[in-house]
>>> print(open('query_22.txt').read())   # compact mmCIF, C-alpha atoms
# COMPACT_ATOMS: atom_id res chain seq x y z
CA MET A 1 85.14 276.25 139.02
CA SER A 2 86.51 276.77 135.51
CA ALA A 3 85.41 279.61 133.26
CA SER A 4 83.75 277.17 130.84
CA SER A 5 81.79 275.60 133.68
CA SER A 6 80.69 279.03 134.90
CA TRP A 7 79.37 279.91 131.47
CA LEU A 8 77.58 276.58 131.22
CA PHE A 9 75.80 277.15 134.52
CA LEU A 10 74.81 280.65 133.46
CA VAL A 11 73.35 279.31 130.21
CA ILE A 12 71.41 276.66 132.13
CA ALA A 13 70.20 279.30 134.56
CA GLY A 14 69.12 281.51 131.66
CA ALA A 15 67.14 278.69 130.04
CA PHE A 16 65.50 277.91 133.38
CA GLY A 17 64.65 281.58 133.88
CA LEU A 18 63.13 281.87 130.41
CA ALA A 19 60.85 278.93 131.18
CA ILE A 20 59.83 280.43 134.53
CA GLY A 21 59.26 283.74 132.78
CA SER A 22 56.80 281.98 130.49
CA PHE A 23 54.90 280.77 133.56
CA VAL A 24 55.04 284.26 135.06
CA ASN A 25 53.14 285.41 131.98
CA VAL A 26 50.40 282.94 132.91
CA VAL A 27 50.31 284.33 136.46
CA ILE A 28 50.06 287.91 135.16
CA TYR A 29 47.25 287.06 132.74
CA ARG A 30 45.18 284.60 134.76
CA GLY A 31 46.02 285.48 138.35
CA PRO A 32 43.95 288.67 138.81
CA ALA A 33 40.76 286.99 137.56
CA LEU A 34 41.49 283.85 139.58
CA TRP A 35 41.93 285.90 142.75
CA GLY A 36 38.81 288.02 142.19
CA LEU A 37 40.67 291.24 141.37
CA ALA A 38 39.50 291.54 137.76
CA GLU A 39 36.53 290.45 135.71
CA PRO A 40 37.66 289.43 132.22
CA ASP A 41 35.33 289.12 129.23
CA SER A 42 35.69 285.34 129.37
CA PRO A 43 37.07 282.83 131.92
CA ARG A 44 40.85 282.60 131.87
CA GLY A 45 41.34 279.40 133.82
CA GLY A 46 43.70 278.48 136.63
CA LEU A 47 47.45 278.68 136.85
CA ALA A 48 47.88 275.01 135.92
CA THR A 49 44.95 274.31 133.60
CA PRO A 50 43.84 274.67 130.88
CA GLY A 51 46.95 274.66 128.71
CA SER A 52 48.16 277.86 127.07
CA TYR A 53 45.88 279.35 124.46
CA CYS A 54 45.59 282.44 122.27
CA PRO A 55 43.78 285.18 124.22
CA SER A 56 42.04 286.32 121.01
CA CYS A 57 40.68 283.09 119.50
CA ARG A 58 41.35 280.78 122.48
CA ALA A 59 42.95 278.20 120.17
CA PRO A 60 45.32 275.90 122.12
CA ILE A 61 48.99 276.69 121.62
CA PRO A 62 51.03 273.62 120.61
CA PRO A 63 54.28 272.78 122.44
CA TRP A 64 56.42 274.23 119.65
CA GLY A 65 54.58 277.52 120.13
CA LEU A 66 55.63 277.75 123.78
CA ILE A 67 59.41 278.03 123.33
CA PRO A 68 60.37 281.25 125.17
CA LEU A 69 61.39 284.10 122.85
CA ALA A 70 61.90 281.80 119.87
CA SER A 71 58.21 281.07 119.26
CA PHE A 72 57.37 284.77 119.24
CA ALA A 73 60.09 285.40 116.68
CA PHE A 74 59.17 282.42 114.48
CA GLN A 75 55.51 283.45 114.45
CA ASN A 76 56.34 287.09 113.69
CA GLY A 77 54.49 288.10 116.84
CA ARG A 78 51.14 286.76 115.62
CA CYS A 79 48.85 283.83 116.36
CA ARG A 80 49.14 281.19 113.65
CA LYS A 81 45.41 280.43 113.97
CA CYS A 82 43.72 283.86 113.89
CA ASN A 83 46.67 286.12 112.98
CA ALA A 84 45.96 288.34 115.99
CA PRO A 85 49.03 290.19 117.26
CA ILE A 86 50.73 288.72 120.32
CA SER A 87 51.56 291.31 122.95
CA LEU A 88 55.23 292.23 123.12
CA ARG A 89 54.85 291.82 126.86
CA TYR A 90 55.15 288.04 126.59
CA PRO A 91 58.73 287.94 125.28
CA ILE A 92 59.66 290.87 127.55
CA VAL A 93 58.54 288.97 130.67
CA GLU A 94 60.30 285.83 129.44
CA ALA A 95 63.51 287.79 128.87
CA LEU A 96 63.23 289.36 132.33
CA GLY A 97 62.85 285.88 133.82
CA GLY A 98 65.99 284.71 132.06
CA LEU A 99 67.89 287.81 133.14
CA ALA A 100 66.73 287.35 136.75
CA ALA A 101 68.03 283.79 136.86
CA VAL A 102 71.36 284.63 135.24
CA ALA A 103 71.90 287.63 137.50
CA SER A 104 71.09 285.55 140.59
CA VAL A 105 73.59 282.82 139.72
CA ALA A 106 76.24 285.31 138.59
CA THR A 107 75.91 287.23 141.87
CA PHE A 108 75.39 284.48 144.45
CA GLY A 109 76.93 281.49 142.69
CA LEU A 110 75.50 277.98 142.84
CA THR A 111 74.03 278.49 146.29
CA PRO A 112 70.60 278.44 147.95
CA GLY A 113 70.87 282.23 147.98
CA ALA A 114 70.84 282.29 144.18
CA LEU A 115 67.69 280.17 144.03
CA CYS A 116 65.97 282.30 146.65
CA ALA A 117 67.00 285.54 144.93
CA ALA A 118 65.58 284.24 141.66
CA VAL A 119 62.26 283.38 143.33
CA PHE A 120 62.17 286.89 144.81
CA LEU A 121 62.79 288.43 141.39
CA PHE A 122 60.28 286.23 139.56
CA THR A 123 57.60 287.30 142.04
CA LEU A 124 58.50 290.97 141.69
CA ILE A 125 58.17 290.70 137.90
CA ALA A 126 54.65 289.31 138.27
CA LEU A 127 53.68 291.94 140.85
CA ALA A 128 55.00 294.82 138.75
CA PHE A 129 53.01 293.89 135.67
CA ILE A 130 49.84 293.04 137.58
CA ASP A 131 49.89 296.35 139.42
CA TYR A 132 50.54 298.18 136.17
CA ASP A 133 47.57 296.41 134.57
CA ILE A 134 44.90 296.58 137.27
CA GLY A 135 46.26 298.76 140.08
CA TYR A 136 46.29 295.95 142.63
CA LEU A 137 49.06 294.00 144.33
CA PRO A 138 47.46 290.64 145.15
CA ASP A 139 47.77 289.16 148.63
CA ALA A 140 48.24 285.80 146.91
CA LEU A 141 51.74 286.99 145.96
CA THR A 142 52.73 289.63 148.52
CA LEU A 143 51.94 287.65 151.66
CA PRO A 144 53.83 284.48 150.63
CA LEU A 145 56.70 286.74 149.56
CA ILE A 146 56.90 288.15 153.09
CA GLY A 147 56.93 284.66 154.55
CA ALA A 148 59.53 283.45 152.06
CA GLY A 149 61.82 286.39 152.85
CA LEU A 150 61.64 285.78 156.59
CA THR A 151 62.24 282.06 156.03
CA ALA A 152 65.27 282.69 153.81
CA ASN A 153 66.72 285.07 156.37
CA ALA A 154 66.07 282.65 159.21
CA PHE A 155 69.07 280.93 157.63
CA GLY A 156 70.90 284.25 157.19
CA LEU A 157 70.94 284.11 153.38
CA PHE A 158 70.76 287.88 152.91
CA VAL A 159 70.40 289.62 156.27
CA SER A 160 69.75 288.52 159.84
CA LEU A 161 66.25 287.42 160.76
CA LYS A 162 66.08 290.28 163.26
CA ASP A 163 66.87 292.87 160.58
CA ALA A 164 64.35 291.26 158.21
CA ALA A 165 61.57 291.24 160.80
CA ILE A 166 62.23 294.85 161.81
CA ALA A 167 62.20 295.98 158.18
CA ALA A 168 59.00 294.10 157.36
CA ALA A 169 57.18 295.52 160.38
CA THR A 170 58.42 299.10 160.11
CA GLY A 171 58.02 299.23 156.33
CA TYR A 172 54.42 298.08 156.55
CA ALA A 173 53.61 300.41 159.48
CA ALA A 174 55.21 303.43 157.79
CA PHE A 175 53.31 302.92 154.54
CA ARG A 176 50.02 302.37 156.35
CA LEU A 177 50.57 305.56 158.33
CA ILE A 178 51.40 307.55 155.19
CA GLY A 179 48.33 306.13 153.48
CA TYR A 180 46.13 307.01 156.45
CA VAL A 181 47.39 310.58 156.65
CA PHE A 182 47.05 311.05 152.88
CA LYS A 183 43.48 309.81 152.93
CA LYS A 184 42.58 312.13 155.81
CA LEU A 185 44.09 315.14 154.06
CA ARG A 186 43.02 314.41 150.48
CA GLU A 187 39.93 312.24 151.12
CA ARG A 188 41.13 309.56 148.73
CA GLU A 189 43.55 306.66 148.72
CA GLY A 190 47.22 307.42 148.27
CA LEU A 191 49.24 304.36 149.20
CA GLY A 192 47.15 301.22 149.36
CA GLN A 193 47.51 298.17 151.56
CA GLY A 194 49.10 296.33 148.64
CA ASP A 195 51.96 298.83 148.56
CA ALA A 196 52.43 298.43 152.32
CA LYS A 197 52.56 294.64 152.01
CA LEU A 198 55.00 294.87 149.11
CA ILE A 199 57.41 297.11 151.03
CA ALA A 200 57.07 294.70 153.96
CA ALA A 201 58.06 291.87 151.61
CA ILE A 202 61.06 293.80 150.30
CA GLY A 203 62.07 294.53 153.88
CA ALA A 204 61.71 290.85 154.80
CA TRP A 205 64.20 289.99 152.05
CA CYS A 206 66.60 292.94 152.15
CA GLY A 207 66.47 294.16 155.76
CA TRP A 208 66.02 297.65 157.17
CA THR A 209 69.36 299.19 156.14
CA LEU A 210 68.42 299.57 152.48
CA LEU A 211 64.73 300.26 153.06
CA PRO A 212 64.89 304.10 153.00
CA ALA A 213 67.00 304.07 149.83
CA THR A 214 64.62 301.56 148.24
CA ILE A 215 61.61 303.77 148.94
CA PHE A 216 63.40 306.91 147.75
CA SER A 217 64.54 305.15 144.56
CA ALA A 218 61.00 303.91 143.88
CA ALA A 219 59.62 307.43 144.29
CA ALA A 220 62.27 308.80 141.92
CA ILE A 221 61.50 306.10 139.34
CA THR A 222 57.78 306.88 139.54
CA LEU A 223 58.35 310.62 139.12
CA PHE A 224 60.68 309.98 136.19
CA ALA A 225 58.06 307.74 134.54
CA ILE A 226 55.41 310.44 134.99
CA LEU A 227 57.77 313.03 133.48
CA ILE A 228 58.48 310.84 130.46
CA ALA A 229 54.78 310.12 129.97
CA GLY A 230 54.04 313.83 130.11
CA LEU A 231 56.75 314.62 127.57
CA ARG A 232 55.24 312.01 125.27
CA GLY A 233 51.88 313.77 125.42
CA ALA A 234 50.04 311.75 128.07
CA ASN A 235 47.26 313.68 129.79
CA ILE A 236 48.04 312.99 133.44
CA LYS A 237 45.39 314.44 135.72
CA ARG A 238 46.11 315.75 139.19
CA ASN A 239 43.94 313.15 140.93
CA GLN A 240 44.94 310.28 138.62
CA GLU A 241 46.02 307.14 140.44
CA ILE A 242 49.58 306.15 139.55
CA PRO A 243 50.62 302.60 140.47
CA PHE A 244 53.61 302.65 142.79
CA GLY A 245 54.15 298.90 142.76
CA PRO A 246 56.21 298.65 139.55
CA ALA A 247 58.76 301.16 140.83
CA LEU A 248 58.93 299.43 144.22
CA CYS A 249 59.59 296.15 142.40
CA ILE A 250 62.43 297.67 140.38
CA ALA A 251 64.00 299.22 143.48
CA GLY A 252 63.52 296.01 145.47
CA ALA A 253 65.16 293.95 142.74
CA ALA A 254 68.17 296.27 142.78
CA SER A 255 68.40 296.04 146.58
CA ILE A 256 68.84 292.27 146.66
CA PHE A 257 71.99 292.64 144.55
CA ILE A 258 73.29 295.70 146.38
CA LEU A 259 73.25 293.61 149.56
CA ARG A 260 75.85 291.31 148.02
CA TYR A 261 78.39 294.07 147.58
CA ALA A 262 77.42 296.73 150.13
CA PRO A 263 79.84 297.26 153.04
CA PHE A 264 77.18 296.63 155.67
>>> encode(input="query_22.txt", output="C-alpha cells")
Amino acid sequence: MSASSSWLFLVIAGAFGLAIGSFVNVVIYRGPALWGLAEPDSPRGGLATPGSYCPSCRAPIPPWGLIPLASFAFQNGRCRKCNAPISLRYPIVEALGGLAAVASVATFGLTPGALCAAVFLFTLIALAFIDYDIGYLPDALTLPLIGAGLTANAFGLFVSLKDAAIAAATGYAAFRLIGYVFKKLREREGLGQGDAKLIAAIGAWCGWTLLPATIFSAAAITLFAILIAGLRGANIKRNQEIPFGPALCIAGAASIFILRYAPF
C-alpha cells in the first residue's frame, strides 16, 4: 500500500469516526433516561428518533448543523435558535471518535481487528462519559461489550478465546469480591457491579496478561484526577463517591493498542 493510499484511508477512517462520535453523543445524552438510570426534566427520546434537537429549546437541528466539529465552530458554540451555549463535550466526543477510528486503522491496518478495536473504543467513550455524568455503567453497553470481546477473540483477533474468558471471569470475580469486602468494612458501596462488568469487558477484549496493569493504571489515573481537582479547589469529602469507570475506560483503551506491540 502506497503512502498516499495510507493517508487516504486514515482520512476516511477519521471522517467515519467523527460521524460515529456524533452518534455517541446521542447515546450519552439519551441512553441513561432510555435505560431507566436517570430521570430528565423532559423526555429525551430514543437512540434513533426523534432527530437531533437543541437540549435547551428543543428546536430541531438541521442537517447542516450536524456536521461534526465544523457545525460547532460555525455556530460559535451556540444554538442558532435560542442562543443557548452548546456544551464543549459535543465536539470533544466527536473528536475522540475520530481519533479512535484513526488510531485503530493506523495500528491494525485495514483488517477486521481495526473495525473491532474501533467499536471497543467507541463504547468505552460512551461509558466513560455516562459514568462521569450519573455514576452508572449501563448493562445495555457493558454486557454486549463482554459478548463482543469474546466473539472477536473467538477468531483470535487480539488474544486467544481462553485468555479472554479467563480475564473476563477473574476480572469480574475480583471486583465483586473487593466490592463485597469494602461494603462489609465501610458499610457503603465501593466498587459497583457496573465496574465489575466493565473490567470483565476489558478482560474479554484484552485478555488476562494486561489486566493487572490496566487496573493499576486506572487507579493511578483516578488518584491523579482527585489530586488535580483538590489543587483546583474542589471540596472532595472523605465519603464522596468517585466514578472509577472513566479511568478504567482510559486504561482499557490503552491496553488494546499495547497488545499490538507487546512481546506477549
>>> residues_around(input="query_22.txt", residues="Pro63 (chain A)", least_positions_apart="5", cutoff="10 Å", atoms="only C-alpha atoms", output="number ranges by chain")
A: 51-52, 71
>>> closest_residue(input="query_22.txt", among="A:Gly203, A:Phe158, A:Gly149, A:Thr222", to="Thr170 (chain A)", atoms="all atoms listed in the file")
A:Gly203
>>> residues_around(input="query_22.txt", residues="region 14-27 of chain A", least_positions_apart="3", cutoff="7 Å", atoms="only C-alpha atoms", output="MDAnalysis selection string")
chainID A and resid 10:11 30:31 47 68 90 93:102 126
>>> atom_distance(input="query_22.txt", atom1="CA of Ala84 (chain A)", atom2="CA of Cys57 (chain A)")
8.2 Å
>>> atom_distance(input="query_22.txt", atom1="CA of Ala73 (chain A)", atom2="CA of Ala59 (chain A)")
18.9 Å
>>> atom_distance(input="query_22.txt", atom1="CA of Pro32 (chain A)", atom2="CA of Leu137 (chain A)")
9.2 Å
>>> residues_around(input="query_22.txt", residues="Pro85 (chain A)", least_positions_apart="5", cutoff="10 Å", atoms="only C-alpha atoms", output="list of chain:residue names")
A:Cys54, A:Ser56, A:Gln75, A:Asn76, A:Gly77, A:Arg78, A:Cys79, A:Arg80
>>> residues_near_point(input="query_22.txt", point="(66.9, 290.3, 154.5)", cutoff="7 Å", atoms="all atoms listed in the file", output="PyMOL selection string")
chain A and resi 149+153+158-161+163-164+203-207
>>> write_last_selection(input="query_22.txt", atoms="C-alpha atoms", output="PDB file, in the frame of the given file")
ATOM      1  CA  GLY A 149      61.820 286.390 152.850  1.00  0.00           C
ATOM      2  CA  ASN A 153      66.720 285.070 156.370  1.00  0.00           C
ATOM      3  CA  PHE A 158      70.760 287.880 152.910  1.00  0.00           C
ATOM      4  CA  VAL A 159      70.400 289.620 156.270  1.00  0.00           C
ATOM      5  CA  SER A 160      69.750 288.520 159.840  1.00  0.00           C
ATOM      6  CA  LEU A 161      66.250 287.420 160.760  1.00  0.00           C
ATOM      7  CA  ASP A 163      66.870 292.870 160.580  1.00  0.00           C
ATOM      8  CA  ALA A 164      64.350 291.260 158.210  1.00  0.00           C
ATOM      9  CA  GLY A 203      62.070 294.530 153.880  1.00  0.00           C
ATOM     10  CA  ALA A 204      61.710 290.850 154.800  1.00  0.00           C
ATOM     11  CA  TRP A 205      64.200 289.990 152.050  1.00  0.00           C
ATOM     12  CA  CYS A 206      66.600 292.940 152.150  1.00  0.00           C
ATOM     13  CA  GLY A 207      66.470 294.160 155.760  1.00  0.00           C
TER      14      GLY A 207
END
>>> closest_residue(input="query_22.txt", among="A:Ile199, A:Glu241, A:Gly113, A:Ala33", to="Ile226 (chain A)", atoms="all atoms listed in the file")
A:Glu241
>>> closest_residue(input="query_22.txt", among="A:Pro55, A:Pro246, A:Pro112, A:Pro62", to="Ala152 (chain A)", atoms="only C-alpha atoms")
A:Pro112
>>> closest_residue(input="query_22.txt", among="A:Ala140, A:Leu223, A:Thr151, A:Gly135", to="Asp195 (chain A)", atoms="only C-alpha atoms")
A:Gly135
>>> closest_residue(input="query_22.txt", among="A:Trp64, A:Phe120, A:Phe257, A:Phe244", to="Phe175 (chain A)", atoms="only C-alpha atoms")
A:Phe244
>>> closest_residue(input="query_22.txt", among="A:Ile125, A:Lys162, A:Ala220, A:Cys82", to="Arg58 (chain A)", atoms="only C-alpha atoms")
A:Cys82
>>> residues_around(input="query_22.txt", residues="Thr107 (chain A)", least_positions_apart="3", cutoff="8 Å", atoms="all atoms listed in the file", output="compact mmCIF listing (two decimals) with C-alpha atoms, in the frame of the given file")
# COMPACT_ATOMS: atom_id res chain seq x y z
CA ALA A 103 71.90 287.63 137.50
CA SER A 104 71.09 285.55 140.59
CA ALA A 114 70.84 282.29 144.18
CA PHE A 257 71.99 292.64 144.55
CA ARG A 260 75.85 291.31 148.02
>>> build_atoms(input="query_22.txt", residues="region 209-235 of chain A", atoms="N, CA and C atoms", output="PDB file, in the frame of the given file")
ATOM      1  N   THR A 209      68.305 298.236 156.505  1.00  0.00           N
ATOM      2  CA  THR A 209      69.360 299.190 156.140  1.00  0.00           C
ATOM      3  C   THR A 209      69.094 299.843 154.785  1.00  0.00           C
ATOM      4  N   LEU A 210      68.650 299.049 153.826  1.00  0.00           N
ATOM      5  CA  LEU A 210      68.420 299.570 152.480  1.00  0.00           C
ATOM      6  C   LEU A 210      66.993 300.068 152.267  1.00  0.00           C
ATOM      7  N   LEU A 211      66.136 299.934 153.271  1.00  0.00           N
ATOM      8  CA  LEU A 211      64.730 300.260 153.060  1.00  0.00           C
ATOM      9  C   LEU A 211      64.496 301.724 152.703  1.00  0.00           C
ATOM     10  N   PRO A 212      65.098 302.696 153.400  1.00  0.00           N
ATOM     11  CA  PRO A 212      64.890 304.100 153.000  1.00  0.00           C
ATOM     12  C   PRO A 212      65.339 304.379 151.574  1.00  0.00           C
ATOM     13  N   ALA A 213      66.499 303.850 151.194  1.00  0.00           N
ATOM     14  CA  ALA A 213      67.000 304.070 149.830  1.00  0.00           C
ATOM     15  C   ALA A 213      66.086 303.410 148.806  1.00  0.00           C
ATOM     16  N   THR A 214      65.536 302.260 149.151  1.00  0.00           N
ATOM     17  CA  THR A 214      64.620 301.560 148.240  1.00  0.00           C
ATOM     18  C   THR A 214      63.365 302.395 148.002  1.00  0.00           C
ATOM     19  N   ILE A 215      62.811 302.946 149.072  1.00  0.00           N
ATOM     20  CA  ILE A 215      61.610 303.770 148.940  1.00  0.00           C
ATOM     21  C   ILE A 215      61.900 305.042 148.158  1.00  0.00           C
ATOM     22  N   PHE A 216      63.027 305.687 148.477  1.00  0.00           N
ATOM     23  CA  PHE A 216      63.400 306.910 147.750  1.00  0.00           C
ATOM     24  C   PHE A 216      63.599 306.611 146.268  1.00  0.00           C
ATOM     25  N   SER A 217      64.289 305.516 145.963  1.00  0.00           N
ATOM     26  CA  SER A 217      64.540 305.150 144.560  1.00  0.00           C
ATOM     27  C   SER A 217      63.222 304.886 143.834  1.00  0.00           C
ATOM     28  N   ALA A 218      62.290 304.199 144.503  1.00  0.00           N
ATOM     29  CA  ALA A 218      61.000 303.910 143.880  1.00  0.00           C
ATOM     30  C   ALA A 218      60.238 305.200 143.587  1.00  0.00           C
ATOM     31  N   ALA A 219      60.286 306.147 144.519  1.00  0.00           N
ATOM     32  CA  ALA A 219      59.620 307.430 144.290  1.00  0.00           C
ATOM     33  C   ALA A 219      60.246 308.164 143.114  1.00  0.00           C
ATOM     34  N   ALA A 220      61.575 308.133 143.025  1.00  0.00           N
ATOM     35  CA  ALA A 220      62.270 308.800 141.920  1.00  0.00           C
ATOM     36  C   ALA A 220      61.922 308.137 140.578  1.00  0.00           C
ATOM     37  N   ILE A 221      61.854 306.819 140.570  1.00  0.00           N
ATOM     38  CA  ILE A 221      61.500 306.100 139.340  1.00  0.00           C
ATOM     39  C   ILE A 221      60.080 306.461 138.905  1.00  0.00           C
ATOM     40  N   THR A 222      59.159 306.526 139.861  1.00  0.00           N
ATOM     41  CA  THR A 222      57.780 306.880 139.540  1.00  0.00           C
ATOM     42  C   THR A 222      57.687 308.288 138.974  1.00  0.00           C
ATOM     43  N   LEU A 223      58.363 309.240 139.608  1.00  0.00           N
ATOM     44  CA  LEU A 223      58.350 310.620 139.120  1.00  0.00           C
ATOM     45  C   LEU A 223      58.963 310.722 137.731  1.00  0.00           C
ATOM     46  N   PHE A 224      60.046 309.973 137.510  1.00  0.00           N
ATOM     47  CA  PHE A 224      60.680 309.980 136.190  1.00  0.00           C
ATOM     48  C   PHE A 224      59.730 309.415 135.134  1.00  0.00           C
ATOM     49  N   ALA A 225      59.016 308.338 135.475  1.00  0.00           N
ATOM     50  CA  ALA A 225      58.060 307.740 134.540  1.00  0.00           C
ATOM     51  C   ALA A 225      56.938 308.715 134.213  1.00  0.00           C
ATOM     52  N   ILE A 226      56.465 309.447 135.226  1.00  0.00           N
ATOM     53  CA  ILE A 226      55.410 310.440 134.990  1.00  0.00           C
ATOM     54  C   ILE A 226      55.929 311.554 134.080  1.00  0.00           C
ATOM     55  N   LEU A 227      57.165 311.976 134.316  1.00  0.00           N
ATOM     56  CA  LEU A 227      57.770 313.030 133.480  1.00  0.00           C
ATOM     57  C   LEU A 227      57.874 312.574 132.033  1.00  0.00           C
ATOM     58  N   ILE A 228      58.348 311.365 131.819  1.00  0.00           N
ATOM     59  CA  ILE A 228      58.480 310.840 130.460  1.00  0.00           C
ATOM     60  C   ILE A 228      57.118 310.730 129.784  1.00  0.00           C
ATOM     61  N   ALA A 229      56.125 310.240 130.536  1.00  0.00           N
ATOM     62  CA  ALA A 229      54.780 310.120 129.970  1.00  0.00           C
ATOM     63  C   ALA A 229      54.229 311.490 129.592  1.00  0.00           C
ATOM     64  N   GLY A 230      54.503 312.492 130.428  1.00  0.00           N
ATOM     65  CA  GLY A 230      54.040 313.830 130.110  1.00  0.00           C
ATOM     66  C   GLY A 230      54.727 314.396 128.883  1.00  0.00           C
ATOM     67  N   LEU A 231      56.021 314.149 128.751  1.00  0.00           N
ATOM     68  CA  LEU A 231      56.750 314.620 127.570  1.00  0.00           C
ATOM     69  C   LEU A 231      56.277 313.945 126.297  1.00  0.00           C
ATOM     70  N   ARG A 232      55.748 312.733 126.445  1.00  0.00           N
ATOM     71  CA  ARG A 232      55.240 312.010 125.270  1.00  0.00           C
ATOM     72  C   ARG A 232      53.782 312.348 124.973  1.00  0.00           C
ATOM     73  N   GLY A 233      53.225 313.290 125.720  1.00  0.00           N
ATOM     74  CA  GLY A 233      51.880 313.770 125.420  1.00  0.00           C
ATOM     75  C   GLY A 233      50.769 313.165 126.239  1.00  0.00           C
ATOM     76  N   ALA A 234      51.086 312.357 127.241  1.00  0.00           N
ATOM     77  CA  ALA A 234      50.040 311.750 128.070  1.00  0.00           C
ATOM     78  C   ALA A 234      49.355 312.824 128.903  1.00  0.00           C
ATOM     79  N   ASN A 235      48.041 312.736 129.007  1.00  0.00           N
ATOM     80  CA  ASN A 235      47.260 313.680 129.790  1.00  0.00           C
ATOM     81  C   ASN A 235      47.112 313.136 131.211  1.00  0.00           C
TER      82      ASN A 235
END
